[in-house]
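Novice: Hey, dropping protein05.tsv in here, TSV, C-alpha atoms:
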```tsv
chain	number	residue	atom	x	y	z
A	641	MET	CA	-4.08	-37.80	5.73
A	642	GLU	CA	-2.84	-34.92	7.88
A	643	GLU	CA	-4.09	-31.44	6.97
A	644	LEU	CA	-1.36	-28.93	6.18
A	645	SER	CA	-1.11	-25.77	8.26
A	646	LEU	CA	-1.80	-22.42	6.64
A	647	LEU	CA	1.90	-21.69	6.47
A	648	ASP	CA	2.68	-25.04	4.83
A	649	ARG	CA	0.18	-24.94	2.00
A	650	VAL	CA	0.10	-22.92	-1.15
A	651	GLY	CA	-1.88	-19.71	-0.76
A	652	ASP	CA	-5.41	-19.38	-2.08
A	653	ILE	CA	-6.53	-15.77	-1.96
A	654	ASN	CA	-10.16	-16.89	-2.17
A	655	ASP	CA	-9.85	-18.93	1.05
A	656	ARG	CA	-10.97	-16.74	3.95
A	657	ASN	CA	-8.21	-18.25	6.13
A	658	CYS	CA	-5.41	-17.62	3.64
A	659	PRO	CA	-2.72	-15.42	5.24
A	660	SER	CA	-2.09	-13.75	1.90
A	661	ARG	CA	-5.34	-11.82	2.37
A	662	GLY	CA	-3.76	-9.75	5.14
A	663	VAL	CA	-0.76	-8.95	2.97
A	664	LEU	CA	-3.04	-8.05	0.07
A	665	GLU	CA	-4.94	-5.73	2.40
A	666	HIS	CA	-1.73	-3.97	3.44
A	667	VAL	CA	-0.50	-3.54	-0.13
A	668	THR	CA	-3.83	-2.48	-1.65
A	669	SER	CA	-5.24	-0.26	1.10
A	670	ARG	CA	-5.57	3.39	0.18
A	671	TRP	CA	-2.57	4.39	2.27
A	672	GLY	CA	-0.58	1.28	1.39
A	673	VAL	CA	-0.84	2.03	-2.33
A	674	LEU	CA	0.05	5.69	-1.88
A	675	VAL	CA	3.02	4.95	0.39
A	676	LEU	CA	4.38	2.30	-1.97
A	677	VAL	CA	3.98	4.59	-4.99
A	678	ALA	CA	5.75	7.44	-3.17
A	679	LEU	CA	8.60	5.20	-2.02
A	680	LEU	CA	9.01	3.95	-5.59
A	681	GLU	CA	10.15	7.51	-6.42
A	682	ARG	CA	12.84	7.53	-3.71
A	683	GLY	CA	13.43	7.00	-0.01
A	684	TYR	CA	11.79	9.43	2.39
A	685	ARG	CA	12.00	10.56	5.98
A	686	PHE	CA	8.74	10.17	7.90
A	687	SER	CA	7.79	13.86	7.76
A	688	GLU	CA	8.64	14.08	4.05
A	689	LEU	CA	6.56	11.01	3.32
A	690	ARG	CA	3.63	12.44	5.27
A	691	ARG	CA	3.76	15.59	3.13
A	692	ARG	CA	4.10	13.53	-0.07
A	693	VAL	CA	1.08	11.35	0.79
A	694	ALA	CA	-1.35	14.22	1.24
A	695	GLY	CA	-4.17	13.61	3.68
A	696	VAL	CA	-2.67	10.75	5.67
A	697	SER	CA	-2.60	11.23	9.43
A	698	GLU	CA	0.58	10.63	11.39
A	699	LYS	CA	-1.06	7.62	13.08
A	700	MET	CA	-2.22	6.03	9.80
A	701	LEU	CA	1.16	6.59	8.15
A	702	ALA	CA	2.94	4.98	11.10
A	703	GLN	CA	0.57	2.00	11.07
A	704	THR	CA	0.89	1.61	7.29
A	705	LEU	CA	4.68	1.76	7.40
A	706	GLN	CA	4.80	-0.76	10.27
A	707	ALA	CA	2.56	-3.21	8.38
A	708	LEU	CA	4.57	-2.86	5.17
A	709	GLU	CA	7.84	-3.21	7.09
A	710	ARG	CA	6.56	-6.33	8.88
A	711	ASP	CA	5.55	-7.84	5.52
A	712	GLY	CA	9.04	-7.17	4.16
A	713	PHE	CA	8.18	-4.43	1.66
A	714	VAL	CA	9.58	-1.39	3.48
A	715	ARG	CA	12.99	-0.94	5.06
A	716	ARG	CA	13.20	1.36	8.09
A	717	GLU	CA	16.63	2.77	8.86
A	718	ALA	CA	17.07	4.70	12.10
A	719	HIS	CA	20.16	6.92	12.29
A	720	PRO	CA	21.72	7.54	15.73
A	721	VAL	CA	21.74	11.33	15.44
A	722	ILE	CA	20.09	14.20	17.28
A	723	PRO	CA	17.39	14.94	16.39
A	724	PRO	CA	16.51	11.34	15.50
A	725	ARG	CA	16.35	10.58	11.79
A	726	VAL	CA	14.51	7.63	10.28
A	727	ASP	CA	14.53	6.87	6.57
A	728	TYR	CA	12.09	4.62	4.74
A	729	SER	CA	12.79	2.85	1.46
A	730	LEU	CA	11.59	-0.19	-0.45
A	731	THR	CA	13.07	-3.66	-0.26
A	732	PRO	CA	13.37	-5.68	-3.50
A	733	SER	CA	9.93	-7.22	-2.78
A	734	GLY	CA	8.63	-3.75	-2.02
A	735	ILE	CA	9.85	-2.46	-5.38
A	736	GLU	CA	8.03	-5.27	-7.15
A	737	ALA	CA	4.81	-4.65	-5.19
A	738	ALA	CA	5.10	-0.88	-5.69
A	739	GLU	CA	5.52	-1.26	-9.44
A	740	LEU	CA	2.38	-3.39	-9.62
A	741	VAL	CA	0.18	-1.08	-7.54
A	742	SER	CA	1.67	1.96	-9.26
A	743	ASN	CA	0.55	0.61	-12.61
A	744	LEU	CA	-2.95	0.07	-11.22
A	745	ALA	CA	-3.06	3.53	-9.60
A	746	HIS	CA	-1.94	5.26	-12.81
A	747	TRP	CA	-4.43	3.22	-14.84
A	748	VAL	CA	-7.18	4.46	-12.51
A	749	GLU	CA	-6.00	8.05	-13.03
A	750	ARG	CA	-6.22	7.58	-16.81
A	751	GLN	CA	-9.68	5.99	-16.53
A	752	MET	CA	-11.25	8.89	-14.63
A	753	PRO	CA	-12.97	10.47	-17.66
A	754	GLU	CA	-14.68	7.14	-18.39
A	755	VAL	CA	-15.45	6.60	-14.71
A	756	ASN	CA	-16.98	10.06	-14.39
A	757	ALA	CA	-19.07	9.49	-17.51
A	758	ALA	CA	-20.28	6.12	-16.17
A	759	ARG	CA	-21.12	7.68	-12.81
A	760	ALA	CA	-23.06	10.51	-14.44
A	761	GLU	CA	-24.99	8.02	-16.58
A	762	TYR	CA	-25.71	5.80	-13.56
A	763	ASP	CA	-26.76	8.72	-11.36
A	764	GLY	CA	-29.03	10.04	-14.12
A	765	ARG	CA	-31.07	6.84	-14.40
A	766	GLU	CA	-34.53	6.79	-12.92
A	767	ARG	CA	-35.02	4.12	-10.32
```
Rewrite the structure of this file - the entire thing - as structure tokens.

Specialist:
Amino acid sequence: MEELSLLDRVGDINDRNCPSRGVLEHVTSRWGVLVLVALLERGYRFSELRRRVAGVSEKMLAQTLQALERDGFVRREAHPVIPPRVDYSLTPSGIEAAELVSNLAHWVERQMPEVNAARAEYDGRER
């Protein structure tokens, strides 16, 4: 029996060779989540998006946008004007991914009192 290639078989996220792991990494990285959540609000120009996603460097934002665009989640639209203008928005798949990670991100925000209490209890234990 011939073994199927990675692209031909159904994904298994627990398989270290599964290509879905790379996509999962792009979508769930710190900057990936924050970019997707921001773009769920509306489309942004690069500089606007950099201000919206506080703390991201220009290089990391560019790399994150390129990865998400390559995976089909972000649409990049360059306008032939001077100065150059590039807009970023979500594709239909990007909207779906952004909604999922947005729910997780907002859940984490709501959980912070419990997380802080757990951390304080953990840090207070004698070891």

Novice: Counting all atoms listed in the file, which residues of segment 657-729 of chain A fall within 10 Å of segment 737-755 of chain A, and what is the closest atom pair for each with its distance in Å at one decimal, ordered by chain and rising number, as a Markdown table?

Specialist:
```
| residue | atom | partner | partner_atom | distance |
| --- | --- | --- | --- | --- |
| A:Val667 | CA | A:Ala737 | CA | 7.4 |
| A:Thr668 | CA | A:Val741 | CA | 7.3 |
| A:Gly672 | CA | A:Val741 | CA | 9.3 |
| A:Val673 | CA | A:Val741 | CA | 6.2 |
| A:Leu674 | CA | A:Ser742 | CA | 8.4 |
| A:Val675 | CA | A:Ala738 | CA | 8.7 |
| A:Leu676 | CA | A:Ala738 | CA | 4.9 |
| A:Val677 | CA | A:Ser742 | CA | 5.5 |
| A:Ala678 | CA | A:Ala738 | CA | 8.7 |
| A:Leu679 | CA | A:Ala738 | CA | 7.9 |
| A:Leu680 | CA | A:Ala738 | CA | 6.2 |
| A:Glu681 | CA | A:Ala738 | CA | 9.8 |
| A:Phe713 | CA | A:Ala737 | CA | 7.6 |
```

Novice: Extract, using all atoms listed in the file, all DNA, RNA and protein residues at most 10 Å from Ala718 of chain A, discarding same-chain residues fewer than 5 positions from it, and format them as a list of chain:residue names.

Specialist: A:Arg685, A:Pro724, A:Arg725, A:Val726, A:Asp727, A:Tyr728

Novice: Nearest to Glu665 of chain A among A:Ala757, A:Glu717, A:Ala707, A:Glu688, with distances taken over all atoms listed in the file: which residue is it?

Specialist: A:Ala707

Novice: Quote the spacing between atom CA of Asn654 of chain A and atom CA of Asp711 of chain A in Å to one decimal place.

Specialist: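 Between atom CA of Asn654 of chain A and atom CA of Asp711 of chain A the gap works out to 19.7 Å.
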
Novice: Between A:Glu766, A:Asp652, A:Glu761, A:Glu736, which has the minimum distance to Val714 of chain A (counting only C-alpha atoms)?

Specialist: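 Between A:Glu766, A:Asp652, A:Glu761, A:Glu736, the residue approaching Val714 of chain A most closely is A:Glu736.
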
Novice: Distance atom CA of Tyr684 of chain A-atom CA of Ile722 of chain A, one decimal place?

Specialist: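 So the answer is 17.7 Å.
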
Novice: Closest to Gln706 of chain A among A:Val693, A:Phe686, A:Arg767, A:Tyr762, using only C-alpha atoms?

Specialist: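 Checking each of A:Val693, A:Phe686, A:Arg767, A:Tyr762 against Gln706 of chain A, counting only C-alpha atoms, the winner is A:Phe686.
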
Novice: Missing atoms in segment 678-689 of chain A: can you complete it with all heavy atoms, as a PDB file, in the coordinates of the input?

Specialist:
```
ATOM      1  N   ALA A 678       4.811   6.368  -3.544  1.00  0.00           N
ATOM      2  CA  ALA A 678       5.750   7.440  -3.170  1.00  0.00           C
ATOM      3  C   ALA A 678       7.153   6.894  -2.982  1.00  0.00           C
ATOM      4  O   ALA A 678       8.126   7.476  -3.479  1.00  0.00           O
ATOM      5  CB  ALA A 678       5.268   8.132  -1.896  1.00  0.00           C
ATOM      6  N   LEU A 679       7.280   5.767  -2.276  1.00  0.00           N
ATOM      7  CA  LEU A 679       8.600   5.200  -2.020  1.00  0.00           C
ATOM      8  C   LEU A 679       9.252   4.635  -3.274  1.00  0.00           C
ATOM      9  O   LEU A 679      10.468   4.438  -3.307  1.00  0.00           O
ATOM     10  CB  LEU A 679       8.532   4.136  -0.918  1.00  0.00           C
ATOM     11  CG  LEU A 679       8.269   4.683   0.486  1.00  0.00           C
ATOM     12  CD1 LEU A 679       8.064   3.530   1.473  1.00  0.00           C
ATOM     13  CD2 LEU A 679       9.407   5.591   0.940  1.00  0.00           C
ATOM     14  N   LEU A 680       8.445   4.392  -4.304  1.00  0.00           N
ATOM     15  CA  LEU A 680       9.010   3.950  -5.590  1.00  0.00           C
ATOM     16  C   LEU A 680       9.810   5.097  -6.220  1.00  0.00           C
ATOM     17  O   LEU A 680      10.779   4.855  -6.931  1.00  0.00           O
ATOM     18  CB  LEU A 680       7.882   3.497  -6.518  1.00  0.00           C
ATOM     19  CG  LEU A 680       8.273   2.783  -7.804  1.00  0.00           C
ATOM     20  CD1 LEU A 680       9.129   1.557  -7.522  1.00  0.00           C
ATOM     21  CD2 LEU A 680       7.018   2.383  -8.576  1.00  0.00           C
ATOM     22  N   GLU A 681       9.417   6.341  -5.920  1.00  0.00           N
ATOM     23  CA  GLU A 681      10.150   7.510  -6.420  1.00  0.00           C
ATOM     24  C   GLU A 681      11.542   7.587  -5.817  1.00  0.00           C
ATOM     25  O   GLU A 681      12.522   7.815  -6.500  1.00  0.00           O
ATOM     26  CB  GLU A 681       9.398   8.800  -6.072  1.00  0.00           C
ATOM     27  CG  GLU A 681       8.020   8.909  -6.662  1.00  0.00           C
ATOM     28  CD  GLU A 681       7.211  10.053  -6.049  1.00  0.00           C
ATOM     29  OE1 GLU A 681       7.676  10.698  -5.071  1.00  0.00           O
ATOM     30  OE2 GLU A 681       6.107  10.287  -6.550  1.00  0.00           O
ATOM     31  N   ARG A 682      11.581   7.430  -4.461  1.00  0.00           N
ATOM     32  CA  ARG A 682      12.840   7.530  -3.710  1.00  0.00           C
ATOM     33  C   ARG A 682      12.552   7.222  -2.255  1.00  0.00           C
ATOM     34  O   ARG A 682      11.402   7.089  -1.865  1.00  0.00           O
ATOM     35  CB  ARG A 682      13.463   8.916  -3.840  1.00  0.00           C
ATOM     36  CG  ARG A 682      12.638  10.023  -3.200  1.00  0.00           C
ATOM     37  CD  ARG A 682      13.344  11.375  -3.337  1.00  0.00           C
ATOM     38  NE  ARG A 682      12.606  12.476  -2.774  1.00  0.00           N
ATOM     39  CZ  ARG A 682      12.643  12.851  -1.493  1.00  0.00           C
ATOM     40  NH1 ARG A 682      13.386  12.186  -0.625  1.00  0.00           N
ATOM     41  NH2 ARG A 682      11.949  13.893  -1.064  1.00  0.00           N
ATOM     42  N   GLY A 683      13.600   7.149  -1.444  1.00  0.00           N
ATOM     43  CA  GLY A 683      13.430   7.000  -0.010  1.00  0.00           C
ATOM     44  C   GLY A 683      12.998   8.321   0.609  1.00  0.00           C
ATOM     45  O   GLY A 683      13.304   9.391   0.072  1.00  0.00           O
ATOM     46  N   TYR A 684      12.281   8.243   1.707  1.00  0.00           N
ATOM     47  CA  TYR A 684      11.790   9.430   2.390  1.00  0.00           C
ATOM     48  C   TYR A 684      11.984   9.322   3.884  1.00  0.00           C
ATOM     49  O   TYR A 684      11.932   8.228   4.441  1.00  0.00           O
ATOM     50  CB  TYR A 684      10.276   9.613   2.162  1.00  0.00           C
ATOM     51  CG  TYR A 684       9.887  10.153   0.814  1.00  0.00           C
ATOM     52  CD1 TYR A 684       9.525   9.292  -0.221  1.00  0.00           C
ATOM     53  CD2 TYR A 684       9.855  11.525   0.575  1.00  0.00           C
ATOM     54  CE1 TYR A 684       9.146   9.789  -1.458  1.00  0.00           C
ATOM     55  CE2 TYR A 684       9.474  12.028  -0.657  1.00  0.00           C
ATOM     56  CZ  TYR A 684       9.118  11.162  -1.664  1.00  0.00           C
ATOM     57  OH  TYR A 684       8.746  11.652  -2.891  1.00  0.00           O
ATOM     58  N   ARG A 685      12.133  10.479   4.527  1.00  0.00           N
ATOM     59  CA  ARG A 685      12.000  10.560   5.980  1.00  0.00           C
ATOM     60  C   ARG A 685      10.517  10.588   6.281  1.00  0.00           C
ATOM     61  O   ARG A 685       9.698  10.901   5.418  1.00  0.00           O
ATOM     62  CB  ARG A 685      12.693  11.818   6.499  1.00  0.00           C
ATOM     63  CG  ARG A 685      14.200  11.744   6.320  1.00  0.00           C
ATOM     64  CD  ARG A 685      14.878  13.025   6.698  1.00  0.00           C
ATOM     65  NE  ARG A 685      14.642  13.327   8.109  1.00  0.00           N
ATOM     66  CZ  ARG A 685      15.084  14.438   8.691  1.00  0.00           C
ATOM     67  NH1 ARG A 685      15.764  15.317   8.010  1.00  0.00           N
ATOM     68  NH2 ARG A 685      14.841  14.648   9.966  1.00  0.00           N
ATOM     69  N   PHE A 686      10.149  10.267   7.526  1.00  0.00           N
ATOM     70  CA  PHE A 686       8.740  10.170   7.900  1.00  0.00           C
ATOM     71  C   PHE A 686       7.972  11.450   7.553  1.00  0.00           C
ATOM     72  O   PHE A 686       6.913  11.411   6.922  1.00  0.00           O
ATOM     73  CB  PHE A 686       8.599   9.847   9.394  1.00  0.00           C
ATOM     74  CG  PHE A 686       7.187   9.601   9.828  1.00  0.00           C
ATOM     75  CD1 PHE A 686       6.648   8.330   9.787  1.00  0.00           C
ATOM     76  CD2 PHE A 686       6.386  10.644  10.271  1.00  0.00           C
ATOM     77  CE1 PHE A 686       5.336   8.089  10.183  1.00  0.00           C
ATOM     78  CE2 PHE A 686       5.076  10.415  10.675  1.00  0.00           C
ATOM     79  CZ  PHE A 686       4.554   9.136  10.627  1.00  0.00           C
ATOM     80  N   SER A 687       8.499  12.588   7.981  1.00  0.00           N
ATOM     81  CA  SER A 687       7.790  13.860   7.760  1.00  0.00           C
ATOM     82  C   SER A 687       7.680  14.184   6.271  1.00  0.00           C
ATOM     83  O   SER A 687       6.661  14.724   5.825  1.00  0.00           O
ATOM     84  CB  SER A 687       8.465  14.998   8.517  1.00  0.00           C
ATOM     85  OG  SER A 687       9.814  15.120   8.115  1.00  0.00           O
ATOM     86  N   GLU A 688       8.705  13.859   5.500  1.00  0.00           N
ATOM     87  CA  GLU A 688       8.640  14.080   4.050  1.00  0.00           C
ATOM     88  C   GLU A 688       7.572  13.196   3.415  1.00  0.00           C
ATOM     89  O   GLU A 688       6.826  13.642   2.547  1.00  0.00           O
ATOM     90  CB  GLU A 688       9.982  13.721   3.395  1.00  0.00           C
ATOM     91  CG  GLU A 688      11.139  14.611   3.701  1.00  0.00           C
ATOM     92  CD  GLU A 688      12.404  14.099   3.044  1.00  0.00           C
ATOM     93  OE1 GLU A 688      12.705  12.885   3.146  1.00  0.00           O
ATOM     94  OE2 GLU A 688      13.085  14.916   2.417  1.00  0.00           O
ATOM     95  N   LEU A 689       7.530  11.957   3.858  1.00  0.00           N
ATOM     96  CA  LEU A 689       6.560  11.010   3.320  1.00  0.00           C
ATOM     97  C   LEU A 689       5.147  11.449   3.672  1.00  0.00           C
ATOM     98  O   LEU A 689       4.234  11.358   2.842  1.00  0.00           O
ATOM     99  CB  LEU A 689       6.852   9.604   3.847  1.00  0.00           C
ATOM    100  CG  LEU A 689       6.083   8.454   3.226  1.00  0.00           C
ATOM    101  CD1 LEU A 689       6.257   8.405   1.711  1.00  0.00           C
ATOM    102  CD2 LEU A 689       6.524   7.138   3.847  1.00  0.00           C
TER     103      LEU A 689
END
```
